[in-house]
Amino acid sequence: MTNAEALAPFLPEGRGMLLAYDHGLEHGPTDFDERSVDPAHVVDLASKGGFTGVVLQLGVAEAFYGGRTPLVLKLNGKTRLPGGEPVSRQIATVDDAVRLDASGVGYTIYLGSVHEPVMLREFAGIRRAAREAGLAVIAWIYPRGAAVLDDTAPEIVSYAARAGLELGADAVKIKYTGDIASFRWAVRAAGPTKVFMSGGPKAKTDVAFLRQVRDILDAGAVGVAVGRNVWQHDDPEGFAARLRALVLHDKPLEEVLPR
Amino acid sequence: MTNAEALAPFLPEGRGMLLAYDHGLEHGPTDFDERSVDPAHVVDLASKGGFTGVVLQLGVAEAFYGGRTPLVLKLNGKTRLPGGEPVSRQIATVDDAVRLDASGVGYTIYLGSVHEPVMLREFAGIRRAAREAGLAVIAWIYPRGAAVLDDTAPEIVSYAARAGLELGADAVKIKYTGDIASFRWAVRAAGPTKVFMSGGPKAKTDVAFLRQVRDILDAGAVGVAVGRNVWQHDDPEGFAARLRALVLHDKPLEEVLPR
Amino acid sequence: MTNAEALAPFLPEGRGMLLAYDHGLEHGPTDFDERSVDPAHVVDLASKGGFTGVVLQLGVAEAFYGGRTPLVLKLNGKTRLPGGEPVSRQIATVDDAVRLDASGVGYTIYLGSVHEPVMLREFAGIRRAAREAGLAVIAWIYPRGAAVLDDTAPEIVSYAARAGLELGADAVKIKYTGDIASFRWAVRAAGPTKVFMSGGPKAKTDVAFLRQVRDILDAGAVGVAVGRNVWQHDDPEGFAARLRALVLHDKPLEEVLPR
Amino acid sequence: MTNAEALAPFLPEGRGMLLAYDHGLEHGPTDFDERSVDPAHVVDLASKGGFTGVVLQLGVAEAFYGGRTPLVLKLNGKTRLPGGEPVSRQIATVDDAVRLDASGVGYTIYLGSVHEPVMLREFAGIRRAAREAGLAVIAWIYPRGAAVLDDTAPEIVSYAARAGLELGADAVKIKYTGDIASFRWAVRAAGPTKVFMSGGPKAKTDVAFLRQVRDILDAGAVGVAVGRNVWQHDDPEGFAARLRALVLHDKPLEEVLPR
Amino acid sequence: MTNAEALAPFLPEGRGMLLAYDHGLEHGPTDFDERSVDPAHVVDLASKGGFTGVVLQLGVAEAFYGGRTPLVLKLNGKTRLPGGEPVSRQIATVDDAVRLDASGVGYTIYLGSVHEPVMLREFAGIRRAAREAGLAVIAWIYPRGAAVLDDTAPEIVSYAARAGLELGADAVKIKYTGDIASFRWAVRAAGPTKVFMSGGPKAKTDVAFLRQVRDILDAGAVGVAVGRNVWQHDDPEGFAARLRALVLHDKPLEEVLPR
């Protein structure tokens, strides 16, 4: 199975937009409002917004996933509370993903942490099991820890992208470097491993965010994995429609920007 | 199996009150008096007081549990003695729980400890085994460690509640935030994961404690898990009756308060 | 199997005296003289002195245990050399104990050490295996480490005793608190878990030691586990006879004291 | 199987030159240019340049290895980002190597790191599995960590070489000591374990590098494992031809040097 | 199987001399000269010198052991490079030893290191496997680490010897204390566990070394395990002959000393 085959459920026509919703564990409900705190609302939004994938932790997936959008089951996780070098350990399995009818699994690697070896090893085991089960493997690769001064520096982001290829991820989720040229290099470094841009915190304006998305698509990324920029939006469905126009239909920025 | 189904033995009519008695390991017998040091007395009290569950460590359960009240077997534990970041490791198994005819298992997670990853992983394994065995899984989620400044801050308590949902706990036991509104948010963050308030140390007055219980019920919690407030009470059975009136029969506070 | 049944080989008539001889590993031969350095001598002494159990490490048991006295095989051990927080790991198995025809196994837990979780877990596994094999499980529970200021403080000793019950030990070996009342509380905290007093270093006088033994028996302990006080004695068999009179035949102190 | 038999695919006529291309994980794409960032280009170069082996990480091997050059699958890896004592853990298996039709496996040991024991153990397990599968085992032995002041000191390099023999590696990849005599001693210390010189960063001039290669061959090494000196070269194929002349055909330096 | 039976291959007539040659891993080739760097030379020397055993690491044993002298396969090892508390982990197995037709296995325990528990546990597992396979188990017990001020102090050496007995080693290899009386006490503390003196660095004079050997034999040791004192000697075979006279034929010192 090639990585393109593995990723097919998430990349109709070769592009994809994933709705990430593992913030309840990673950040706590402080990210949520009355609507977005409800997994049913967000899972529904994934469907209505035409997302090509939804990313959930095991507990939320078991209680709320209904099969309308391809599922990426997140297999590791941590809270934002502990100090020290970051590490996120496996808490769900590929078997869980199969049981829940997921199409892929996600795993976060904090590249540069002193705990990097633990995560590289765990990822390798997950990748092996996922390959056997025919599931896509998406690596959240976030350089972090005392050794990483700037996690959006081009050299660091392209390192993350390349690590995804070397480790055999079907796709990586990485941060934006800030300019097309350096992000294009990151995409090139990833080779056949597909690149999703990580949405990050809510952007100040829709224009700023959409411009970024247009940039990374032009740089060769297959799409975005977004969370707060969608479900913290006043009009999530409207914003999702703009994203679809950009990502899935490859519209030019001017056709997509709000007037 | 939904979490409501799993919790059914502990939640007749959707409400429950658990009598916790693992303090011998967690705190030492300093919490006990001549009566409460005797597990037979407390297990009897669980039954006579109409509690819907009793929480015991393996050694006590093997020697004293008689089946009159549904059992939550606590699967991890520690003493209060060691310094450093808190960690509590698994010392009993789901198989032990099945053998003892327990209806559920309990596991404490010190969210925010540098040992958080160890406990998240161990909990995940326990949850898997418990699901297969048809037992309820109740997570004691206590943010603690150098990174946690205030473990009853609303943001922290709601984080604990939400982590329970994300990790797939059937229920969580969390501390009271101090006001209904913020506790309601915590309950909402937990979604389908049921919320028990942790009783904590003996309250100064019955009124103070019962008012708290009324608050958390109004905020949507399914009940309380209490220990010292009951078995350190001068009249444990009388106090349990008041709790029953509030929790199980949903009486207004004024009907329940001591005159 | 109840703990009384498990302990039956060591507690004829409900009382017992164990001869401990694992000091070669725990302290080194500095504790021994020309006679006591020889395991054959001490194993013989266990038999001639009428002890109800003898405690040995695997190597000594394999070479010297002859079956005349019920055997407690010590399953963990350490030297006194390493600094830092104390930890003693499993180095022999319940299978070894069965093969050697032991009647019980022993395991030391340094309650309060930062390594407490490791020992609690290991003890739990040993207990499970021993239960299946029908062997008694005796926990040496010694609060120790930077967090423990006084390991004979009543609160600490009773904590050790209670931990034995919570963890499901058939018996605990704990230190003397210094007075009957507080030791009685420790015995009470242990509930059905039987209590042996740990002999400790050679007492200054026989009278002092025997008085202590009388005290702990009066406080409800089932007996003593002694080593140096016997095999460092000028007249080990004579001293053992006095212990037997006190522990096994429950004589008053005045009948037992040397004239 | 002797180590000569195991290494046969990589050592036609007893000499070999390996093209290393695991830098994407070890250093990041900062080592690459527009051509060398593309694994297809480098794998092609291995073939066109007449290399006797190519060294790849799992992800790259799965996507790009086509069987034209014998494969060494690298089984461990790390990024250059984390601080602290170096450690590289196993992330691919001998089974992966067999599945990919590799002829050998590679593993890096940071001798002298406080994590040395972890790597020695992991290497031992890999060696066992590789022996059973009939694959060659090549150890990258790089003394490194706070305890290693100069990793090209003759005493240190010969230690690395000898460790390869003692651990049962079929071949070791070590750094150049700077002079023939001391490198000859390292080769001698390795005994039947074959020695490859590690290419290291791009040399300032071709002459300098080729002279080094001639030296190590004269000292008894079987060849080189090079990466940056080839694929960072302006004329990789031309440079590879010079290497072949030296390594595989044992030409004198003057016949090989660029004019 | 008694330890005398297990050790029979190494102790013809009850005495033995082992030629140790694991220095390539433990110290590096800095210990070797042009002859001794060659394992074939040293393995040959073991045979010609009439040694009753030869001690090798796995890699060297696989390539050079020919069966002329009983083999002790060393199962753990480390380099001298890493700082911090010493630890040596298992890198070969009892199965390896059986496959290589070894008669025994060796394992080093750094008593007193903070990593002591790891080594005690690993040794216990090895001992169990070796017992089942009918191989002798020889423990190199070297007190070392920040907590050990003087590793040849009588109290420390006798502790090492006794630990060997308690842990069930068939034989221990310990350092000389410097006088017969204290070494005799160490031998006595070891009981049925046989004692080999560790040769250590090359002695200043043959006389000095041979006198030491005579002393430890008079103290009850069964022989010596030597390396550098033999293969760094100008006349290894001649020196071996003197050792044989002393150790195997129990000659008085004056008959053995060089004239």
# chains A, B, ... in the order shown; residues from 1 in each chain; ligands from 1
$ residues_around --residues "range 1-4 of chain A" --least-positions-apart "2" --cutoff "12 Å" --atoms "only C-alpha atoms" --output "PyMOL selection string"
(chain A and resi 6-15+104+127+130-138+164-165+168-172+191-195+222) or (chain D and resi 59-60+62-64)
$ interface_residues --of "chain B" --to "chain C" --cutoff "12 Å" --atoms "only C-alpha atoms" --output "ChimeraX atom specification"
/B:21-41,56-64,73-93,95-96,115,118-119
$ atom_distance --atom1 "CA of Ala221 in chain E" --atom2 "CA of Ser47 in chain E"
22.4 Å
$ select_by_dssp --residues "range 38-248 of chain A" --states "alpha helix (DSSP H)" --output "JSON, numbers by chain"
{"A": [39, 40, 41, 42, 43, 44, 45, 46, 47, 48, 58, 59, 60, 61, 62, 63, 64, 94, 95, 96, 97, 98, 99, 116, 117, 118, 119, 120, 121, 122, 123, 124, 125, 126, 127, 128, 129, 130, 131, 132, 133, 154, 155, 156, 157, 158, 159, 160, 161, 162, 163, 164, 165, 166, 167, 180, 181, 182, 183, 184, 185, 186, 187, 188, 189, 190, 206, 207, 208, 209, 210, 211, 212, 213, 214, 215, 216, 217, 218, 228, 229, 230, 231, 236, 237, 238, 239, 240, 241, 242, 243, 244, 245, 246, 247]}
$ select_by_dssp --residues "range 9-253 of chain B" --states "strand (DSSP E)" --output "PyMOL selection string"
chain B and resi 16-20+53-56+71-74+76-77+89-90+104-109+136-141+171-174+194-198+223-226
$ atom_distance --atom1 "CA of Leu19 in chain A" --atom2 "CA of Asp250 in chain A"
18.4 Å
$ closest_residue --among "B:Ile109, B:Val94, B:Leu71, B:Ala219" --to "Val187 in chain B" --atoms "only C-alpha atoms"
B:Ala219
$ residues_around --residues "range 235-243 of chain C" --least-positions-apart "3" --cutoff "6 Å" --atoms "only C-alpha atoms" --output "PyMOL selection string"
chain C and resi 49+230-231+246-247+256
$ write_last_selection --atoms "N, CA and C atoms" --output "PDB file, in the first residue's frame"
ATOM      1  N   GLY C  49      16.086 -24.173  68.068  1.00  0.00           N
ATOM      2  CA  GLY C  49      15.475 -23.125  68.888  1.00  0.00           C
ATOM      3  C   GLY C  49      13.962 -23.143  68.826  1.00  0.00           C
ATOM      4  N   VAL C 230      19.161 -13.150  68.167  1.00  0.00           N
ATOM      5  CA  VAL C 230      19.341 -14.572  68.450  1.00  0.00           C
ATOM      6  C   VAL C 230      20.744 -15.037  68.077  1.00  0.00           C
ATOM      7  N   TRP C 231      21.088 -14.923  66.798  1.00  0.00           N
ATOM      8  CA  TRP C 231      22.369 -15.519  66.436  1.00  0.00           C
ATOM      9  C   TRP C 231      23.595 -14.693  66.805  1.00  0.00           C
ATOM     10  N   LEU C 246       7.678 -16.971  75.934  1.00  0.00           N
ATOM     11  CA  LEU C 246       6.864 -15.758  75.798  1.00  0.00           C
ATOM     12  C   LEU C 246       5.883 -15.849  74.650  1.00  0.00           C
ATOM     13  N   VAL C 247       6.435 -16.148  73.458  1.00  0.00           N
ATOM     14  CA  VAL C 247       5.631 -16.031  72.239  1.00  0.00           C
ATOM     15  C   VAL C 247       4.696 -17.221  72.063  1.00  0.00           C
ATOM     16  N   VAL C 256       9.870 -15.579  82.500  1.00  0.00           N
ATOM     17  CA  VAL C 256      10.750 -15.763  81.353  1.00  0.00           C
ATOM     18  C   VAL C 256      12.085 -15.052  81.517  1.00  0.00           C
TER      19      VAL C 256
END
